[in-house]
Amino acid sequence: MIVLVCGGSDYGHTDHKEQAHIYSVLNTLNTDSAIDIVVSSCSKGTDTQAMLWAGDNNIMVHVHSTNWTKYGKSAEPRRNAEMLKSEDVDLVVAFPGSAGTQDMIHKAITKGIEVMYCDKPSINQNQVVL
């Protein structure tokens with residue numbers, strides 16, 4: 001299965017609970033249906049955590065960088081469209097994010113690609129996410 005992971009650059013960047021959440025979701029997906037490729041934009045936060053998870057699990061990563069210098073504000077939507085055009089994505093896993101994440105979700109739905117929404121987990125200080 002080819003999984004595109006998207007989410008905010010702040011989600012999972014430094015928060016260990018959020019990082020654990022990303023790993024937990026990907027571990028569960030990989031157990032249910034083997035993940036062959038993780039597609040990522042290589043941004044900090046969610047994308048970096050997904051790439052680290054893939055490396056820890058010997059799963060191939062296809063990276064699509066954002067060319068902010070060339071495209072300015074339109075760089076992220078352009079990259080999102082390119083990712084979905086050039087990859088045979090089976091599932092988009094969407095963690096909390098902002099406009100770029102919403103753009104990816106919209107583009108995936110428009111293409112008929114399944115989107116799995118992963119909200120922030122409700123965790124009190126006595127719980128641990130594995």
# chains A, B, ... in the order shown; residues from 1 in each chain; ligands from 1
$ residues_around --residues "range 98-108 of chain A" --least-positions-apart "5" --cutoff "10 Å" --atoms "only C-alpha atoms" --output "PDB file with N, CA and C atoms, in the first residue's frame"
ATOM      1  N   LEU A   4       0.253   8.359   1.640  1.00  0.00           N
ATOM      2  CA  LEU A   4       0.726   9.738   1.689  1.00  0.00           C
ATOM      3  C   LEU A   4       0.360  10.295   3.057  1.00  0.00           C
ATOM      4  N   VAL A   5       1.353  10.780   3.773  1.00  0.00           N
ATOM      5  CA  VAL A   5       1.123  11.331   5.111  1.00  0.00           C
ATOM      6  C   VAL A   5       1.226  12.852   5.031  1.00  0.00           C
ATOM      7  N   CYS A   6       0.212  13.524   5.558  1.00  0.00           N
ATOM      8  CA  CYS A   6       0.238  14.988   5.583  1.00  0.00           C
ATOM      9  C   CYS A   6      -0.197  15.476   6.959  1.00  0.00           C
ATOM     10  N   GLY A   7       0.159  16.709   7.241  1.00  0.00           N
ATOM     11  CA  GLY A   7      -0.192  17.322   8.521  1.00  0.00           C
ATOM     12  C   GLY A   7       0.650  18.560   8.721  1.00  0.00           C
ATOM     13  N   GLY A   8       0.390  19.250   9.775  1.00  0.00           N
ATOM     14  CA  GLY A   8       1.063  20.515  10.027  1.00  0.00           C
ATOM     15  C   GLY A   8       2.538  20.372  10.362  1.00  0.00           C
ATOM     16  N   SER A   9       3.265  21.415  10.050  1.00  0.00           N
ATOM     17  CA  SER A   9       4.704  21.414  10.348  1.00  0.00           C
ATOM     18  C   SER A   9       4.956  21.515  11.854  1.00  0.00           C
ATOM     19  N   ASP A  10       3.969  21.971  12.601  1.00  0.00           N
ATOM     20  CA  ASP A  10       4.119  22.037  14.054  1.00  0.00           C
ATOM     21  C   ASP A  10       3.669  20.748  14.731  1.00  0.00           C
ATOM     22  N   ALA A  75       3.456  27.443  -3.903  1.00  0.00           N
ATOM     23  CA  ALA A  75       4.345  26.269  -3.893  1.00  0.00           C
ATOM     24  C   ALA A  75       3.697  25.047  -3.249  1.00  0.00           C
ATOM     25  N   GLU A  76       3.040  25.235  -2.117  1.00  0.00           N
ATOM     26  CA  GLU A  76       2.470  24.091  -1.398  1.00  0.00           C
ATOM     27  C   GLU A  76       1.326  23.432  -2.177  1.00  0.00           C
ATOM     28  N   PRO A  77       0.350  24.201  -2.685  1.00  0.00           N
ATOM     29  CA  PRO A  77      -0.692  23.560  -3.497  1.00  0.00           C
ATOM     30  C   PRO A  77      -0.143  22.886  -4.760  1.00  0.00           C
ATOM     31  N   ARG A  79       2.878  21.540  -5.064  1.00  0.00           N
ATOM     32  CA  ARG A  79       3.521  20.307  -4.614  1.00  0.00           C
ATOM     33  C   ARG A  79       2.481  19.242  -4.279  1.00  0.00           C
ATOM     34  N   ASN A  80       1.407  19.635  -3.611  1.00  0.00           N
ATOM     35  CA  ASN A  80       0.349  18.680  -3.285  1.00  0.00           C
ATOM     36  C   ASN A  80      -0.216  18.037  -4.545  1.00  0.00           C
ATOM     37  N   ALA A  81      -0.509  18.851  -5.539  1.00  0.00           N
ATOM     38  CA  ALA A  81      -1.046  18.325  -6.799  1.00  0.00           C
ATOM     39  C   ALA A  81      -0.048  17.385  -7.466  1.00  0.00           C
ATOM     40  N   MET A  83       2.316  15.609  -6.029  1.00  0.00           N
ATOM     41  CA  MET A  83       2.429  14.366  -5.252  1.00  0.00           C
ATOM     42  C   MET A  83       1.321  13.386  -5.650  1.00  0.00           C
ATOM     43  N   LEU A  84       0.104  13.889  -5.754  1.00  0.00           N
ATOM     44  CA  LEU A  84      -1.020  13.020  -6.089  1.00  0.00           C
ATOM     45  C   LEU A  84      -1.007  12.596  -7.559  1.00  0.00           C
ATOM     46  N   VAL A  89      -1.230   6.768  -5.013  1.00  0.00           N
ATOM     47  CA  VAL A  89      -1.568   6.778  -3.588  1.00  0.00           C
ATOM     48  C   VAL A  89      -2.843   5.985  -3.327  1.00  0.00           C
ATOM     49  N   ASP A  90      -2.766   5.077  -2.352  1.00  0.00           N
ATOM     50  CA  ASP A  90      -3.939   4.306  -1.933  1.00  0.00           C
ATOM     51  C   ASP A  90      -4.697   4.986  -0.802  1.00  0.00           C
ATOM     52  N   LEU A  91      -3.967   5.710   0.044  1.00  0.00           N
ATOM     53  CA  LEU A  91      -4.568   6.299   1.240  1.00  0.00           C
ATOM     54  C   LEU A  91      -3.795   7.549   1.637  1.00  0.00           C
ATOM     55  N   VAL A  92      -4.533   8.596   1.979  1.00  0.00           N
ATOM     56  CA  VAL A  92      -3.930   9.798   2.567  1.00  0.00           C
ATOM     57  C   VAL A  92      -4.233   9.755   4.058  1.00  0.00           C
ATOM     58  N   VAL A  93      -3.183   9.836   4.865  1.00  0.00           N
ATOM     59  CA  VAL A  93      -3.331   9.878   6.321  1.00  0.00           C
ATOM     60  C   VAL A  93      -3.089  11.324   6.733  1.00  0.00           C
ATOM     61  N   ILE A 113      -9.454   9.469  -3.705  1.00  0.00           N
ATOM     62  CA  ILE A 113      -8.530   8.757  -2.820  1.00  0.00           C
ATOM     63  C   ILE A 113      -9.078   8.808  -1.397  1.00  0.00           C
ATOM     64  N   GLU A 114      -9.046   7.675  -0.732  1.00  0.00           N
ATOM     65  CA  GLU A 114      -9.526   7.601   0.647  1.00  0.00           C
ATOM     66  C   GLU A 114      -8.642   8.448   1.561  1.00  0.00           C
ATOM     67  N   VAL A 115      -9.279   9.152   2.490  1.00  0.00           N
ATOM     68  CA  VAL A 115      -8.559   9.978   3.462  1.00  0.00           C
ATOM     69  C   VAL A 115      -8.893   9.475   4.859  1.00  0.00           C
ATOM     70  N   MET A 116      -7.856   9.244   5.639  1.00  0.00           N
ATOM     71  CA  MET A 116      -8.012   8.848   7.035  1.00  0.00           C
ATOM     72  C   MET A 116      -7.649  10.063   7.894  1.00  0.00           C
ATOM     73  N   TYR A 117      -8.633  10.568   8.645  1.00  0.00           N
ATOM     74  CA  TYR A 117      -8.424  11.742   9.494  1.00  0.00           C
ATOM     75  C   TYR A 117      -7.934  11.297  10.863  1.00  0.00           C
TER      76      TYR A 117
END
$ select_by_dssp --residues "range 27-115 of chain A" --states "strand (DSSP E or B)" --output "CSV table (one decimal) with C-alpha atoms, in the first residue's frame"
chain,number,residue,atom,x,y,z
A,37,ILE,CA,5.8,3.3,0.4
A,38,VAL,CA,5.4,6.5,2.5
A,39,VAL,CA,5.0,9.6,0.4
A,40,SER,CA,6.1,12.8,2.2
A,60,MET,CA,10.7,3.2,1.2
A,61,VAL,CA,10.0,6.9,1.3
A,62,HIS,CA,9.2,9.1,-1.8
A,63,VAL,CA,10.0,12.7,-1.0
A,91,LEU,CA,-4.6,6.3,1.2
A,92,VAL,CA,-3.9,9.8,2.6
A,93,VAL,CA,-3.3,9.9,6.3
A,94,ALA,CA,-4.1,13.4,7.5
A,114,GLU,CA,-9.5,7.6,0.6
A,115,VAL,CA,-8.6,10.0,3.5
$ select_by_dssp --residues "chain A" --states "helix (DSSP H, G or I)" --output "compact mmCIF listing (two decimals) with N, CA and C atoms, in the first residue's frame"
# COMPACT_ATOMS: atom_id res chain seq x y z
N HIS A 16 6.24 15.10 22.17
CA HIS A 16 6.44 13.65 22.16
C HIS A 16 5.13 12.88 22.08
N LYS A 17 4.06 13.42 22.64
CA LYS A 17 2.75 12.76 22.54
C LYS A 17 2.27 12.74 21.10
N GLU A 18 2.47 13.85 20.40
CA GLU A 18 2.08 13.92 18.99
C GLU A 18 2.95 12.99 18.15
N GLN A 19 4.25 12.94 18.44
CA GLN A 19 5.13 12.02 17.72
C GLN A 19 4.68 10.58 17.93
N ALA A 20 4.35 10.23 19.17
CA ALA A 20 3.88 8.89 19.48
C ALA A 20 2.57 8.59 18.76
N HIS A 21 1.72 9.60 18.64
CA HIS A 21 0.45 9.44 17.92
C HIS A 21 0.70 9.09 16.46
N ILE A 22 1.61 9.79 15.82
CA ILE A 22 1.94 9.53 14.40
C ILE A 22 2.46 8.10 14.27
N TYR A 23 3.38 7.71 15.13
CA TYR A 23 3.93 6.35 15.08
C TYR A 23 2.86 5.30 15.33
N SER A 24 1.98 5.56 16.28
CA SER A 24 0.92 4.61 16.62
C SER A 24 -0.02 4.38 15.44
N VAL A 25 -0.43 5.47 14.80
CA VAL A 25 -1.33 5.35 13.64
C VAL A 25 -0.65 4.57 12.52
N LEU A 26 0.60 4.91 12.23
CA LEU A 26 1.31 4.22 11.13
C LEU A 26 1.59 2.76 11.48
N ASN A 27 1.91 2.48 12.75
CA ASN A 27 2.11 1.08 13.17
C ASN A 27 0.83 0.26 12.98
N THR A 28 -0.30 0.83 13.37
CA THR A 28 -1.58 0.14 13.23
C THR A 28 -1.90 -0.10 11.76
N LEU A 29 -1.72 0.92 10.94
CA LEU A 29 -1.97 0.77 9.50
C LEU A 29 -1.07 -0.31 8.90
N ASN A 30 0.20 -0.30 9.28
CA ASN A 30 1.16 -1.26 8.74
C ASN A 30 0.84 -2.68 9.17
N THR A 31 0.24 -2.84 10.34
CA THR A 31 -0.16 -4.16 10.81
C THR A 31 -1.39 -4.64 10.05
N ASP A 32 -2.34 -3.73 9.82
CA ASP A 32 -3.59 -4.08 9.14
C ASP A 32 -3.38 -4.32 7.64
N THR A 46 4.92 16.63 11.09
CA THR A 46 4.27 15.39 10.69
C THR A 46 5.05 14.64 9.62
N ASP A 47 5.45 15.34 8.58
CA ASP A 47 6.13 14.69 7.46
C ASP A 47 7.47 14.07 7.89
N THR A 48 8.22 14.80 8.67
CA THR A 48 9.50 14.28 9.16
C THR A 48 9.29 13.06 10.05
N GLN A 49 8.29 13.12 10.92
CA GLN A 49 8.01 11.97 11.80
C GLN A 49 7.61 10.75 10.98
N ALA A 50 6.83 10.95 9.92
CA ALA A 50 6.43 9.83 9.05
C ALA A 50 7.66 9.24 8.35
N MET A 51 8.58 10.10 7.93
CA MET A 51 9.80 9.61 7.28
C MET A 51 10.67 8.84 8.28
N LEU A 52 10.77 9.33 9.50
CA LEU A 52 11.55 8.63 10.53
C LEU A 52 10.92 7.28 10.84
N TRP A 53 9.59 7.24 10.93
CA TRP A 53 8.89 5.99 11.17
C TRP A 53 9.18 5.00 10.04
N ALA A 54 9.10 5.47 8.81
CA ALA A 54 9.37 4.61 7.65
C ALA A 54 10.79 4.06 7.72
N GLY A 55 11.75 4.90 8.05
CA GLY A 55 13.14 4.45 8.18
C GLY A 55 13.29 3.40 9.26
N ASP A 56 12.62 3.60 10.38
CA ASP A 56 12.68 2.63 11.48
C ASP A 56 12.08 1.28 11.09
N TRP A 68 9.61 26.77 -2.58
CA TRP A 68 9.09 28.07 -2.17
C TRP A 68 9.74 29.21 -2.96
N THR A 69 11.01 29.08 -3.30
CA THR A 69 11.73 30.14 -4.01
C THR A 69 11.12 30.37 -5.39
N LYS A 70 10.83 29.30 -6.08
CA LYS A 70 10.31 29.42 -7.45
C LYS A 70 8.83 29.80 -7.48
N TYR A 71 8.03 29.22 -6.58
CA TYR A 71 6.57 29.38 -6.68
C TYR A 71 5.94 30.25 -5.60
N GLY A 72 6.69 30.64 -4.58
CA GLY A 72 6.13 31.49 -3.54
C GLY A 72 4.94 30.84 -2.85
N LYS A 73 3.87 31.61 -2.65
CA LYS A 73 2.70 31.13 -1.91
C LYS A 73 1.99 29.96 -2.59
N SER A 74 2.16 29.81 -3.89
CA SER A 74 1.49 28.71 -4.60
C SER A 74 2.30 27.42 -4.56
N ALA A 75 3.46 27.44 -3.90
CA ALA A 75 4.35 26.27 -3.89
C ALA A 75 3.70 25.05 -3.25
N GLU A 76 3.04 25.24 -2.12
CA GLU A 76 2.47 24.09 -1.40
C GLU A 76 1.33 23.43 -2.18
N PRO A 77 0.35 24.20 -2.68
CA PRO A 77 -0.69 23.56 -3.50
C PRO A 77 -0.14 22.89 -4.76
N ARG A 78 0.87 23.49 -5.37
CA ARG A 78 1.51 22.87 -6.55
C ARG A 78 2.15 21.54 -6.18
N ARG A 79 2.88 21.54 -5.06
CA ARG A 79 3.52 20.31 -4.61
C ARG A 79 2.48 19.24 -4.28
N ASN A 80 1.41 19.64 -3.61
CA ASN A 80 0.35 18.68 -3.29
C ASN A 80 -0.22 18.04 -4.54
N ALA A 81 -0.51 18.85 -5.54
CA ALA A 81 -1.05 18.32 -6.80
C ALA A 81 -0.05 17.38 -7.47
N GLU A 82 1.23 17.75 -7.45
CA GLU A 82 2.27 16.93 -8.06
C GLU A 82 2.41 15.59 -7.35
N MET A 83 2.32 15.61 -6.03
CA MET A 83 2.43 14.37 -5.25
C MET A 83 1.32 13.39 -5.65
N LEU A 84 0.10 13.89 -5.75
CA LEU A 84 -1.02 13.02 -6.09
C LEU A 84 -1.01 12.60 -7.56
N LYS A 85 -0.44 13.43 -8.41
CA LYS A 85 -0.35 13.10 -9.84
C LYS A 85 0.72 12.05 -10.11
N SER A 86 1.85 12.16 -9.44
CA SER A 86 2.99 11.30 -9.76
C SER A 86 3.05 10.01 -8.94
N ALA A 99 -3.81 25.16 6.30
CA ALA A 99 -4.30 25.31 4.93
C ALA A 99 -3.68 24.28 3.97
N GLY A 100 -2.39 24.00 4.11
CA GLY A 100 -1.74 23.03 3.22
C GLY A 100 -2.30 21.64 3.40
N THR A 101 -2.59 21.28 4.64
CA THR A 101 -3.18 19.97 4.93
C THR A 101 -4.58 19.90 4.35
N GLN A 102 -5.36 20.96 4.55
CA GLN A 102 -6.72 21.00 4.01
C GLN A 102 -6.71 20.93 2.49
N ASP A 103 -5.73 21.58 1.87
CA ASP A 103 -5.60 21.53 0.41
C ASP A 103 -5.34 20.09 -0.05
N MET A 104 -4.46 19.39 0.65
CA MET A 104 -4.16 18.00 0.28
C MET A 104 -5.40 17.12 0.45
N ILE A 105 -6.12 17.30 1.54
CA ILE A 105 -7.34 16.52 1.77
C ILE A 105 -8.33 16.76 0.65
N HIS A 106 -8.55 18.01 0.31
CA HIS A 106 -9.49 18.36 -0.77
C HIS A 106 -9.07 17.73 -2.10
N LYS A 107 -7.78 17.85 -2.43
CA LYS A 107 -7.29 17.29 -3.69
C LYS A 107 -7.44 15.76 -3.71
N ALA A 108 -7.16 15.12 -2.60
CA ALA A 108 -7.27 13.66 -2.54
C ALA A 108 -8.73 13.23 -2.71
N ILE A 109 -9.63 13.88 -2.01
CA ILE A 109 -11.05 13.54 -2.11
C ILE A 109 -11.54 13.74 -3.55
N THR A 110 -11.12 14.84 -4.16
CA THR A 110 -11.50 15.13 -5.54
C THR A 110 -11.03 14.02 -6.49
$ atom_distance --atom1 "CA of Pro96 in chain A" --atom2 "CA of Asn58 in chain A"
25.3 Å
